[in-house]
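Enquirer: What follows is protein_22.cif, made up of mmCIF, C-alpha atoms and all ligand atoms:
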data_upload
loop_
_atom_site.label_atom_id
_atom_site.label_comp_id
_atom_site.auth_asym_id
_atom_site.auth_seq_id
_atom_site.Cartn_x
_atom_site.Cartn_y
_atom_site.Cartn_z
CA MET A 1 125.36 131.14 115.41
CA ASN A 2 128.39 129.43 113.96
CA ASN A 3 127.26 126.69 111.64
CA LYS A 4 130.71 126.08 110.14
CA ASN A 5 131.49 123.66 112.96
CA PRO A 6 128.69 121.04 113.04
CA ILE A 7 129.41 119.82 116.58
CA PHE A 8 129.48 123.33 118.01
CA PHE A 9 126.32 124.13 116.07
CA LYS A 10 124.50 121.07 117.41
CA GLU A 11 125.49 121.97 120.96
CA GLN A 12 124.01 125.41 120.45
CA ILE A 13 120.74 123.88 119.30
CA ILE A 14 120.65 121.63 122.37
CA LYS A 15 121.24 124.67 124.54
CA LEU A 16 118.33 126.47 122.89
CA LEU A 17 116.13 123.39 123.36
CA SER A 18 116.99 123.49 127.08
CA SER A 19 116.16 127.18 127.50
CA LYS A 20 113.84 128.32 130.27
CA GLY A 21 112.34 131.58 131.57
CA ASP A 22 113.50 134.72 129.74
CA ASP A 23 115.70 132.69 127.38
CA PHE A 24 112.70 130.55 126.41
CA ASN A 25 110.53 133.62 125.76
CA GLY A 26 113.39 135.29 123.88
CA LEU A 27 113.75 132.24 121.62
CA LEU A 28 110.03 132.17 120.78
CA ASN A 29 110.09 135.91 120.05
CA ALA A 30 113.08 135.46 117.79
CA GLY A 31 111.16 132.75 115.89
CA PHE A 32 108.17 135.05 115.56
CA ASN A 33 110.30 137.99 114.37
CA ALA A 34 112.12 135.80 111.84
CA LYS A 35 108.71 134.87 110.43
CA LEU A 36 107.48 138.48 110.26
CA LEU A 37 110.63 139.54 108.43
CA SER A 38 110.57 136.74 105.88
CA ILE A 39 106.91 135.93 105.22
CA GLY A 40 104.79 138.27 107.36
CA ASN A 41 101.77 137.56 109.56
CA THR A 42 99.51 135.75 107.08
CA VAL A 43 98.24 132.31 108.01
CA HIS A 44 97.35 129.91 105.21
CA PHE A 45 94.78 127.17 105.62
CA ARG A 46 94.88 123.60 104.40
CA GLY A 47 91.39 122.18 104.90
CA LEU A 48 92.13 118.76 106.38
CA ILE A 49 90.15 115.83 105.00
CA GLU A 50 90.80 112.69 107.05
CA PHE A 51 90.19 110.41 104.15
CA SER A 52 90.28 107.02 105.90
CA ASN A 53 91.43 105.40 109.14
CA ILE A 54 92.23 102.10 107.44
CA CYS A 55 95.96 101.54 107.82
CA SER A 56 98.28 98.68 106.95
CA LYS A 57 100.90 99.83 109.44
CA ASN A 58 101.17 99.31 113.14
CA CYS A 59 103.21 102.25 114.49
CA PHE A 60 103.47 101.90 118.28
CA TYR A 61 102.33 105.48 118.95
CA CYS A 62 99.28 105.79 116.71
CA GLY A 63 95.62 105.27 117.62
CA ILE A 64 94.59 104.09 114.14
CA ARG A 65 97.35 101.45 113.89
CA SER A 66 96.20 98.20 112.32
CA GLY A 67 96.55 96.37 115.65
CA ASN A 68 93.85 98.52 117.27
CA LYS A 69 90.79 96.29 116.97
CA LYS A 70 88.55 98.59 119.03
CA LEU A 71 88.17 101.03 116.17
CA THR A 72 85.39 101.20 113.60
CA ARG A 73 87.17 101.55 110.28
CA TYR A 74 85.86 103.95 107.63
CA GLU A 75 86.69 105.38 104.26
CA LEU A 76 85.03 108.49 102.87
CA ASN A 77 83.28 107.90 99.58
CA GLU A 78 84.04 110.02 96.55
CA GLN A 79 81.02 112.28 97.04
CA GLU A 80 81.86 112.94 100.70
CA ILE A 81 85.36 113.99 99.71
CA ILE A 82 84.11 116.21 96.90
CA ASP A 83 81.59 117.79 99.29
CA ALA A 84 84.34 118.54 101.82
CA ALA A 85 86.46 120.07 99.04
CA ILE A 86 83.52 122.20 97.90
CA PHE A 87 83.02 123.32 101.50
CA ALA A 88 86.66 124.45 101.51
CA TYR A 89 86.29 126.19 98.16
CA ASN A 90 83.07 127.96 99.12
CA ASN A 91 84.67 129.11 102.35
CA ARG A 92 87.59 130.65 100.42
CA PHE A 93 90.27 128.18 101.53
CA GLY A 94 93.26 128.24 99.20
CA SER A 95 94.12 124.58 99.74
CA ILE A 96 92.99 121.25 101.07
CA ALA A 97 95.00 118.34 102.45
CA PHE A 98 94.19 114.64 102.30
CA GLN A 99 95.45 112.60 105.18
CA GLY A 100 94.85 108.98 106.02
CA GLY A 101 96.11 105.63 107.12
CA GLU A 102 98.63 104.08 104.80
CA ARG A 103 97.38 101.94 101.94
CA THR A 104 98.84 100.93 98.65
CA GLY A 105 97.78 99.11 95.48
CA LYS A 106 96.54 100.03 92.04
CA GLU A 107 92.85 100.44 92.90
CA TYR A 108 93.61 102.74 95.79
CA ALA A 109 96.06 104.83 93.75
CA LYS A 110 93.50 105.16 90.97
CA LYS A 111 90.77 106.22 93.34
CA ILE A 112 92.89 109.02 94.79
CA GLU A 113 94.01 110.06 91.32
CA LYS A 114 90.44 110.35 90.12
CA ILE A 115 89.44 112.45 93.14
CA ILE A 116 92.42 114.80 92.75
CA LYS A 117 91.52 115.39 89.10
CA ARG A 118 87.86 115.97 89.91
CA ILE A 119 88.63 118.52 92.62
CA LYS A 120 91.05 120.38 90.38
CA GLN A 121 88.39 120.49 87.68
CA LEU A 122 85.54 121.53 89.98
CA SER A 123 87.59 124.35 91.49
CA ASN A 124 89.00 125.57 88.14
CA ASN A 125 92.41 124.64 89.47
CA ASN A 126 91.94 127.13 92.30
CA LEU A 127 92.27 124.69 95.19
CA GLY A 128 95.82 123.60 95.99
CA ILE A 129 96.13 119.98 97.13
CA THR A 130 98.53 118.60 99.75
CA LEU A 131 98.76 114.86 100.27
CA SER A 132 99.78 113.03 103.41
CA LEU A 133 99.12 109.42 102.52
CA GLY A 134 102.33 107.78 103.60
CA GLU A 135 104.85 105.68 101.71
CA GLN A 136 103.98 104.90 98.10
CA SER A 137 105.72 103.68 94.96
CA SER A 138 107.41 106.19 92.62
CA GLU A 139 104.72 105.43 90.07
CA THR A 140 101.92 106.34 92.49
CA TYR A 141 103.61 109.52 93.67
CA LYS A 142 104.11 110.47 90.02
CA ARG A 143 100.51 109.81 89.03
CA TRP A 144 99.18 111.85 91.93
CA TYR A 145 101.56 114.71 91.14
CA GLU A 146 100.57 114.69 87.50
CA SER A 147 96.91 114.67 88.52
CA GLY A 148 97.38 118.00 90.27
CA ALA A 149 98.51 117.44 93.88
CA HIS A 150 101.53 119.66 94.38
CA ARG A 151 102.59 119.23 98.01
CA TYR A 152 103.37 116.08 99.98
CA LEU A 153 103.89 115.75 103.70
CA LEU A 154 105.66 112.64 104.97
CA ARG A 155 106.99 112.94 108.48
CA ILE A 156 110.22 111.05 109.05
CA GLU A 157 108.93 110.84 112.66
CA THR A 158 112.53 110.79 113.92
CA SER A 159 115.74 111.13 111.95
CA ASN A 160 117.48 108.68 114.29
CA LYS A 161 117.40 105.16 112.89
CA GLU A 162 117.74 103.52 116.29
CA LEU A 163 114.89 105.53 117.78
CA PHE A 164 112.82 104.83 114.65
CA SER A 165 113.22 101.12 115.31
CA LYS A 166 112.04 101.58 118.91
CA ILE A 167 108.82 103.34 117.94
CA HIS A 168 107.87 100.98 115.12
CA PRO A 169 107.54 97.21 114.84
CA ASN A 170 110.63 95.58 113.50
CA ASP A 171 109.29 94.31 110.17
CA LYS A 172 109.31 95.06 106.45
CA ASN A 173 106.45 97.55 106.77
CA HIS A 174 108.40 99.91 108.98
CA ILE A 175 111.82 100.54 107.49
CA PHE A 176 113.66 103.78 108.16
CA GLU A 177 115.59 103.74 104.87
CA LYS A 178 112.39 103.23 102.90
CA ARG A 179 110.76 106.26 104.48
CA LEU A 180 113.84 108.31 103.72
CA GLU A 181 113.90 107.04 100.16
CA CYS A 182 110.25 108.06 99.77
CA LEU A 183 111.09 111.59 100.89
CA TYR A 184 113.77 111.83 98.20
CA LYS A 185 111.39 110.43 95.57
CA ILE A 186 108.75 113.01 96.50
CA LYS A 187 111.26 115.83 96.26
CA GLU A 188 112.69 114.64 92.96
CA LEU A 189 109.26 114.51 91.36
CA GLY A 190 108.83 118.21 92.07
CA TYR A 191 106.38 118.21 94.98
CA GLN A 192 106.80 120.86 97.63
CA THR A 193 108.13 118.46 100.18
CA GLY A 194 107.29 118.44 103.84
CA THR A 195 108.56 116.34 106.70
CA GLY A 196 108.62 116.52 110.46
CA VAL A 197 108.93 114.68 113.72
CA MET A 198 107.05 113.94 116.90
CA ILE A 199 108.37 115.66 119.98
CA GLY A 200 108.56 114.05 123.41
CA LEU A 201 108.51 110.45 122.19
CA PRO A 202 109.51 107.66 124.55
CA TYR A 203 113.32 107.16 124.40
CA GLN A 204 113.85 110.50 122.61
CA THR A 205 116.59 112.86 123.80
CA LEU A 206 117.38 116.53 123.13
CA ASP A 207 120.34 115.28 121.16
CA ASN A 208 117.92 113.40 118.87
CA LEU A 209 115.79 116.52 118.43
CA ALA A 210 118.83 118.64 117.57
CA ASP A 211 119.70 116.01 114.94
CA ASP A 212 116.13 116.23 113.63
CA ILE A 213 116.57 119.97 113.11
CA LEU A 214 119.85 119.41 111.30
CA PHE A 215 118.27 116.65 109.21
CA MET A 216 115.45 118.93 108.07
CA THR A 217 117.78 121.82 107.24
CA ASN A 218 120.22 119.56 105.36
CA PHE A 219 117.34 117.98 103.44
CA LYS A 220 116.30 121.52 102.47
CA VAL A 221 112.72 120.83 103.34
CA ASP A 222 110.01 123.17 101.96
CA MET A 223 107.45 122.51 104.68
CA VAL A 224 107.63 121.24 108.24
CA GLY A 225 104.85 119.63 110.26
CA MET A 226 105.92 118.76 113.81
CA GLY A 227 103.90 118.16 116.91
CA PRO A 228 104.05 116.79 120.42
CA PHE A 229 103.62 113.06 120.90
CA ILE A 230 100.39 112.39 122.79
CA GLU A 231 99.52 108.97 124.17
CA HIS A 232 96.57 106.97 122.91
CA ALA A 233 94.96 104.46 125.27
CA ASP A 234 94.81 101.61 122.75
CA THR A 235 98.49 101.63 121.80
CA PRO A 236 101.64 100.06 123.29
CA PHE A 237 102.90 103.59 124.07
CA TYR A 238 100.05 104.42 126.43
CA GLN A 239 102.24 103.42 129.32
CA PRO A 240 105.71 103.19 127.81
CA GLU A 241 108.45 101.29 129.60
CA THR A 242 110.50 104.44 129.88
CA ASP A 243 109.76 107.82 131.55
CA ILE A 244 108.38 110.42 129.20
CA LEU A 245 108.17 114.19 129.55
CA PRO A 246 105.01 115.70 131.05
CA LEU A 247 102.64 117.04 128.36
CA LYS A 248 103.41 120.67 129.20
CA GLU A 249 107.11 120.06 128.58
CA ARG A 250 106.41 118.36 125.27
CA PHE A 251 104.33 121.38 124.36
CA ASP A 252 107.07 123.89 125.27
CA LEU A 253 109.65 121.79 123.47
CA THR A 254 107.50 121.91 120.33
CA LEU A 255 107.37 125.71 120.55
CA LYS A 256 111.17 125.78 120.86
CA MET A 257 111.58 123.42 117.88
CA THR A 258 109.21 125.66 115.88
CA ALA A 259 111.17 128.81 116.70
CA ILE A 260 114.55 127.22 115.92
CA MET A 261 113.31 125.81 112.60
CA ARG A 262 111.95 129.23 111.63
CA ILE A 263 115.20 130.97 112.53
CA LEU A 264 117.27 128.48 110.54
CA MET A 265 114.90 128.30 107.57
CA PRO A 266 112.99 131.61 107.53
CA ASP A 267 111.08 131.01 104.28
CA ILE A 268 109.63 127.52 104.77
CA ASN A 269 106.01 126.71 105.56
CA LEU A 270 105.64 125.58 109.15
CA VAL A 271 102.47 124.00 110.50
CA ALA A 272 100.87 124.94 113.81
CA SER A 273 99.77 121.36 114.50
CA THR A 274 96.42 120.25 115.85
CA ALA A 275 98.22 118.20 118.51
CA MET A 276 99.33 121.52 120.06
CA GLN A 277 95.67 122.38 120.55
CA ALA A 278 95.06 119.01 122.20
CA ILE A 279 97.39 120.08 125.03
CA ASP A 280 96.51 123.76 125.23
CA PRO A 281 93.30 125.27 123.77
CA LEU A 282 95.43 128.12 122.40
CA GLY A 283 98.24 125.81 121.34
CA ARG A 284 98.11 126.58 117.64
CA GLU A 285 97.98 130.34 118.24
CA LYS A 286 101.06 130.02 120.48
CA ALA A 287 102.77 128.16 117.64
CA LEU A 288 101.95 131.09 115.31
CA LEU A 289 103.62 133.40 117.81
CA SER A 290 106.75 131.20 117.72
CA GLY A 291 107.11 131.08 113.94
CA ALA A 292 104.44 128.79 112.45
CA ASN A 293 102.37 130.06 109.48
CA ILE A 294 100.10 127.18 108.37
CA MET A 295 96.98 125.75 109.97
CA MET A 296 95.00 122.68 109.00
CA PRO A 297 91.37 123.20 110.03
CA ASN A 298 89.56 119.89 110.12
CA ILE A 299 86.83 119.72 107.45
CA THR A 300 86.22 115.97 107.67
CA PRO A 301 82.47 115.23 107.88
CA SER A 302 81.77 115.26 111.64
CA LYS A 303 80.29 111.73 111.77
CA TYR A 304 83.73 110.25 111.03
CA ARG A 305 85.89 112.40 113.23
CA ASP A 306 85.73 110.34 116.37
CA ASN A 307 87.20 107.41 114.47
CA TYR A 308 90.24 109.33 113.27
CA LYS A 309 91.79 109.54 116.68
CA LEU A 310 95.57 109.38 116.36
CA TYR A 311 95.94 110.40 120.02
CA GLU A 312 93.79 111.18 123.08
CA ASN A 313 91.95 114.46 123.48
CA LYS A 314 92.08 115.28 119.76
CA PRO A 315 90.23 118.60 119.44
CA GLY A 316 87.20 119.47 117.34
CA ARG A 317 85.98 115.90 117.14
CA PHE A 318 82.38 116.74 117.81
CA GLU A 319 82.11 120.09 116.07
CA ASN A 320 80.82 120.53 112.59
CA PRO A 321 83.13 122.18 110.04
CA ASP A 322 81.33 125.55 110.15
CA ASP A 323 81.76 125.84 113.92
CA SER A 324 85.42 124.91 113.84
CA LEU A 325 86.09 127.50 111.18
CA SER A 326 84.49 130.49 112.84
CA LEU A 327 86.16 129.69 116.18
CA LEU A 328 89.50 129.44 114.47
CA SER A 329 89.16 132.66 112.44
CA ASN A 330 88.37 134.61 115.61
CA SER A 331 91.31 133.27 117.54
CA ILE A 332 93.73 133.99 114.68
CA THR A 333 92.59 137.61 114.52
CA LYS A 334 93.06 137.88 118.30
CA VAL A 335 96.76 137.12 117.96
CA ASN A 336 97.13 139.78 115.22
CA HIS A 337 97.42 137.47 112.28
CA LYS A 338 95.43 137.55 109.07
CA ILE A 339 94.18 134.68 106.95
CA GLY A 340 95.35 134.32 103.36
CA TRP A 341 91.89 133.54 101.96
CA GLU A 342 91.86 132.05 98.46
CA GLU A 343 95.67 131.96 98.32
CA TRP A 344 97.65 128.75 97.95
CA GLY A 345 100.30 130.05 100.31
CA ASP A 346 103.06 128.00 98.73
CA SER A 347 106.40 127.64 100.41
CA LYS A 348 108.64 130.57 99.48
CA HIS A 349 111.57 128.27 100.07
CA TYR A 350 110.39 125.96 97.29
CA LYS A 351 109.83 128.84 94.88
CA LYS A 352 113.28 130.24 95.59
CA ASN A 353 114.94 126.86 94.97
CA ILE A 354 113.09 126.40 91.68
CA CYS A 355 114.27 129.85 90.50
CA GLU A 356 117.84 129.16 91.57
CA ASN A 357 117.82 125.91 89.60
CA LEU A 358 116.61 127.71 86.48
CA VAL A 359 119.52 130.18 86.33
N1 LIG B 1 99.61 107.49 107.64
C1 LIG B 1 100.28 108.66 107.23
C2 LIG B 1 99.55 109.94 107.57
C3 LIG B 1 98.62 109.93 108.71
S1 LIG B 1 99.35 109.91 110.30
C4 LIG B 1 101.68 108.68 107.80
O1 LIG B 1 101.91 108.05 108.82
O2 LIG B 1 102.52 109.35 107.22
C5 LIG B 1 99.91 111.58 110.41
C6 LIG B 1 100.89 111.84 111.52
O3 LIG B 1 100.26 111.74 112.78
C7 LIG B 1 102.05 110.90 111.63
O4 LIG B 1 103.05 111.23 110.70
C8 LIG B 1 102.48 111.06 113.07
O5 LIG B 1 103.59 111.96 113.18
C9 LIG B 1 101.26 111.70 113.75
N2 LIG B 1 100.83 110.90 114.92
C10 LIG B 1 100.43 109.62 114.93
N3 LIG B 1 100.20 109.22 116.20
C11 LIG B 1 100.46 110.28 117.00
C12 LIG B 1 100.42 110.49 118.41
N4 LIG B 1 100.07 109.52 119.25
N5 LIG B 1 100.75 111.71 118.88
C13 LIG B 1 101.09 112.70 118.04
N6 LIG B 1 101.15 112.57 116.71
C14 LIG B 1 100.84 111.36 116.19
FE1 LIG B 2 99.20 104.30 110.04
FE2 LIG B 2 100.30 106.76 109.82
FE3 LIG B 2 99.22 105.88 112.13
FE4 LIG B 2 101.50 104.80 111.31
S1 LIG B 2 101.16 106.97 111.87
S2 LIG B 2 99.73 103.68 112.09
S3 LIG B 2 101.18 104.81 109.09
S4 LIG B 2 98.15 106.27 110.22
#
Just dump the structure as structure tokens.
Expert:
Amino acid sequence: MNNKNPIFFKEQIIKLLSSKGDDFNGLLNAGFNAKLLSIGNTVHFRGLIEFSNICSKNCFYCGIRSGNKKLTRYELNEQEIIDAAIFAYNNRFGSIAFQGGERTGKEYAKKIEKIIKRIKQLSNNNLGITLSLGEQSSETYKRWYESGAHRYLLRIETSNKELFSKIHPNDKNHIFEKRLECLYKIKELGYQTGTGVMIGLPYQTLDNLADDILFMTNFKVDMVGMGPFIEHADTPFYQPETDILPLKERFDLTLKMTAIMRILMPDINLVASTAMQAIDPLGREKALLSGANIMMPNITPSKYRDNYKLYENKPGRFENPDDSLSLLSNSITKVNHKIGWEEWGDSKHYKKNICENLV
């Protein structure tokens, strides 16, 4: 590929995103081979703790948006979070990830800080911690980093400002520039920084997705978490005003995006997202075979899972953590991958950049 000429390069990405048949399979294989060459066939786990479904935002696509009054809101207490972290530790996970609705404020920041410190202490610093708790102040990001969290995932959702304004309310809580600024703050503080987009959104074009790929490569992201958009019945996007791609096409497009990202950035961490599994029971395994290397098994206490429904058909909502884990381990082995038990599985891309900056 010629990436000296940006327009030519973007056209090539669009062509790849349009591929079908043998070209489609060839692209996925190329993504898989790029992964094997750069980081091998090990999958690293981030035990996902869905901390709370209380959210101050109202994103049009999301089932836990503040405008959804049908939902019972919850927040895990400190002990429930510690128990989930201990479950991860005892089951030889290298890392956990906290995800939740967006909230801010001193009390909230302090609570998270205390929990991060406690988990680091209880696990003798052996559990790595990823956060995905939305937009925060520099001070909060700093405190959480200094407490021991070392990765942060904040999806830009789309790198196109106009599209961003169509998928979010037009108010001070949903500002594209602010989200972008947060990503730079996170990176500057030293977190391994992850971003990503939803694929198959209403109003989204292949041109937008090609721009998303270019955005992530130019940003020099360390981790990518992307997934198909899936409708949720209690959101404005359940029946959007515009045509959207059938689920199967959103799924295939996500595999193509995964393969292209892996080819362009061979040493990043790339998540096989749970939303893939919501469309196809083997969705995450197919993502591994297209270049993904990270999975986020859900270890949220089962009684809360039904209330953390970002989209319809979210898998594993009624299983307990032990069941989910054994099912997942078996299916990973079946596609000839191994699990990096007890390893953090940090982004090689991040490590390389740190070393380059030291010399
Ligand atoms: N509140 C935080 C983290 C929780 S939401 C944040 O927004 O950053 C995590 C991710 O879920 C979002 O970034 C979004 O990309 C994804 N998501 C939300 N609704 C979705 C839907 N309907 N289909 C697919 N992904 C969705
Ligand atoms: Fe809240 Fe995140 Fe859902 Fe937006 S995507 S409504 S910020 S949980």
Enquirer: Dump the neighbourhood of ligand LIG 2 (chain B) as a list in words: all residues within 7 Å, distances computed on all atoms listed in the file.
Expert: Asn53, Cys55, Ser56, Lys57, Asn58, Cys59, Cys62, Gly63, Ile64, Arg65, Ser66, Gly100, Gly101, Glu102, Gly134 and Leu310 of chain A
Enquirer: Using only C-alpha atoms, please write the residues we just selected to a file, as a short mmCIF file (atom, residue, chain, number, x, y, z; two decimals), in the frame of the given file.
Expert:
data_model
loop_
_atom_site.label_atom_id
_atom_site.label_comp_id
_atom_site.auth_asym_id
_atom_site.auth_seq_id
_atom_site.Cartn_x
_atom_site.Cartn_y
_atom_site.Cartn_z
CA ASN A 53 91.43 105.40 109.14
CA CYS A 55 95.96 101.54 107.82
CA SER A 56 98.28 98.68 106.95
CA LYS A 57 100.90 99.83 109.44
CA ASN A 58 101.17 99.31 113.14
CA CYS A 59 103.21 102.25 114.49
CA CYS A 62 99.28 105.79 116.71
CA GLY A 63 95.62 105.27 117.62
CA ILE A 64 94.59 104.09 114.14
CA ARG A 65 97.35 101.45 113.89
CA SER A 66 96.20 98.20 112.32
CA GLY A 100 94.85 108.98 106.02
CA GLY A 101 96.11 105.63 107.12
CA GLU A 102 98.63 104.08 104.80
CA GLY A 134 102.33 107.78 103.60
CA LEU A 310 95.57 109.38 116.36
#
Enquirer: Between A:Ile54, A:Val271, A:Ile82, A:Ile119, single out the one closest to ligand LIG 1 (chain B), counting all atoms listed in the file.
Expert: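 The answer is A:Ile54, which sits nearest to ligand LIG 1 (chain B).
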Enquirer: Hey, which residues sit close to ligand LIG 1 (chain B)? Say within 9 Å, counting only C-alpha atoms and all ligand atoms, and write them as number ranges by chain.
Expert: A: 50, 53, 55-57, 59-65, 98-103, 131-135, 153-157, 195-199, 201, 225-232, 235, 237-238, 275, 309-312
Enquirer: Atoms to include: C-alpha atoms. Write the selected residues as a short mmCIF file (atom, residue, chain, number, x, y, z; two decimals), in the coordinates of the input.
Expert:
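Written output follows (result_25.cif):
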data_model
loop_
_atom_site.label_atom_id
_atom_site.label_comp_id
_atom_site.auth_asym_id
_atom_site.auth_seq_id
_atom_site.Cartn_x
_atom_site.Cartn_y
_atom_site.Cartn_z
CA GLU A 50 90.80 112.69 107.05
CA ASN A 53 91.43 105.40 109.14
CA CYS A 55 95.96 101.54 107.82
CA SER A 56 98.28 98.68 106.95
CA LYS A 57 100.90 99.83 109.44
CA CYS A 59 103.21 102.25 114.49
CA PHE A 60 103.47 101.90 118.28
CA TYR A 61 102.33 105.48 118.95
CA CYS A 62 99.28 105.79 116.71
CA GLY A 63 95.62 105.27 117.62
CA ILE A 64 94.59 104.09 114.14
CA ARG A 65 97.35 101.45 113.89
CA PHE A 98 94.19 114.64 102.30
CA GLN A 99 95.45 112.60 105.18
CA GLY A 100 94.85 108.98 106.02
CA GLY A 101 96.11 105.63 107.12
CA GLU A 102 98.63 104.08 104.80
CA ARG A 103 97.38 101.94 101.94
CA LEU A 131 98.76 114.86 100.27
CA SER A 132 99.78 113.03 103.41
CA LEU A 133 99.12 109.42 102.52
CA GLY A 134 102.33 107.78 103.60
CA GLU A 135 104.85 105.68 101.71
CA LEU A 153 103.89 115.75 103.70
CA LEU A 154 105.66 112.64 104.97
CA ARG A 155 106.99 112.94 108.48
CA ILE A 156 110.22 111.05 109.05
CA GLU A 157 108.93 110.84 112.66
CA THR A 195 108.56 116.34 106.70
CA GLY A 196 108.62 116.52 110.46
CA VAL A 197 108.93 114.68 113.72
CA MET A 198 107.05 113.94 116.90
CA ILE A 199 108.37 115.66 119.98
CA LEU A 201 108.51 110.45 122.19
CA GLY A 225 104.85 119.63 110.26
CA MET A 226 105.92 118.76 113.81
CA GLY A 227 103.90 118.16 116.91
CA PRO A 228 104.05 116.79 120.42
CA PHE A 229 103.62 113.06 120.90
CA ILE A 230 100.39 112.39 122.79
CA GLU A 231 99.52 108.97 124.17
CA HIS A 232 96.57 106.97 122.91
CA THR A 235 98.49 101.63 121.80
CA PHE A 237 102.90 103.59 124.07
CA TYR A 238 100.05 104.42 126.43
CA ALA A 275 98.22 118.20 118.51
CA LYS A 309 91.79 109.54 116.68
CA LEU A 310 95.57 109.38 116.36
CA TYR A 311 95.94 110.40 120.02
CA GLU A 312 93.79 111.18 123.08
#
Enquirer: Using all atoms listed in the file, which protein or nucleic acid residues come within 12 Å of Asn25 (chain A)? Drop anything in the same chain fewer than 3 positions from it, and give the result as a list in words.
Expert: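 In the requested format, the answer is Leu16, Leu17, Ser19, Lys20, Gly21, Asp22, Leu28, Asn29, Ala30, Gly31, Phe32, Asp252, Leu255, Lys256, Ala259, Lys286, Leu289 and Ser290 of chain A.
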Enquirer: Could you state the separation of CA of Phe8 (chain A) and CA of Asn33 (chain A) in Å, given to one decimal place?
Expert: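 It comes out at 24.4 Å.
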Enquirer: Mind listing whatever residues come within 12 Å of the point (98.0, 103.9, 94.3)? Use only C-alpha atoms, file coordinates, and give them as a list in words.
Expert: Glu102, Arg103, Thr104, Gly105, Lys106, Glu107, Tyr108, Ala109, Lys110, Lys111, Ile112, Glu113, Lys114, Leu133, Gly134, Glu135, Gln136, Ser137, Ser138, Glu139, Thr140, Tyr141, Lys142, Arg143, Trp144 and Tyr145 of chain A
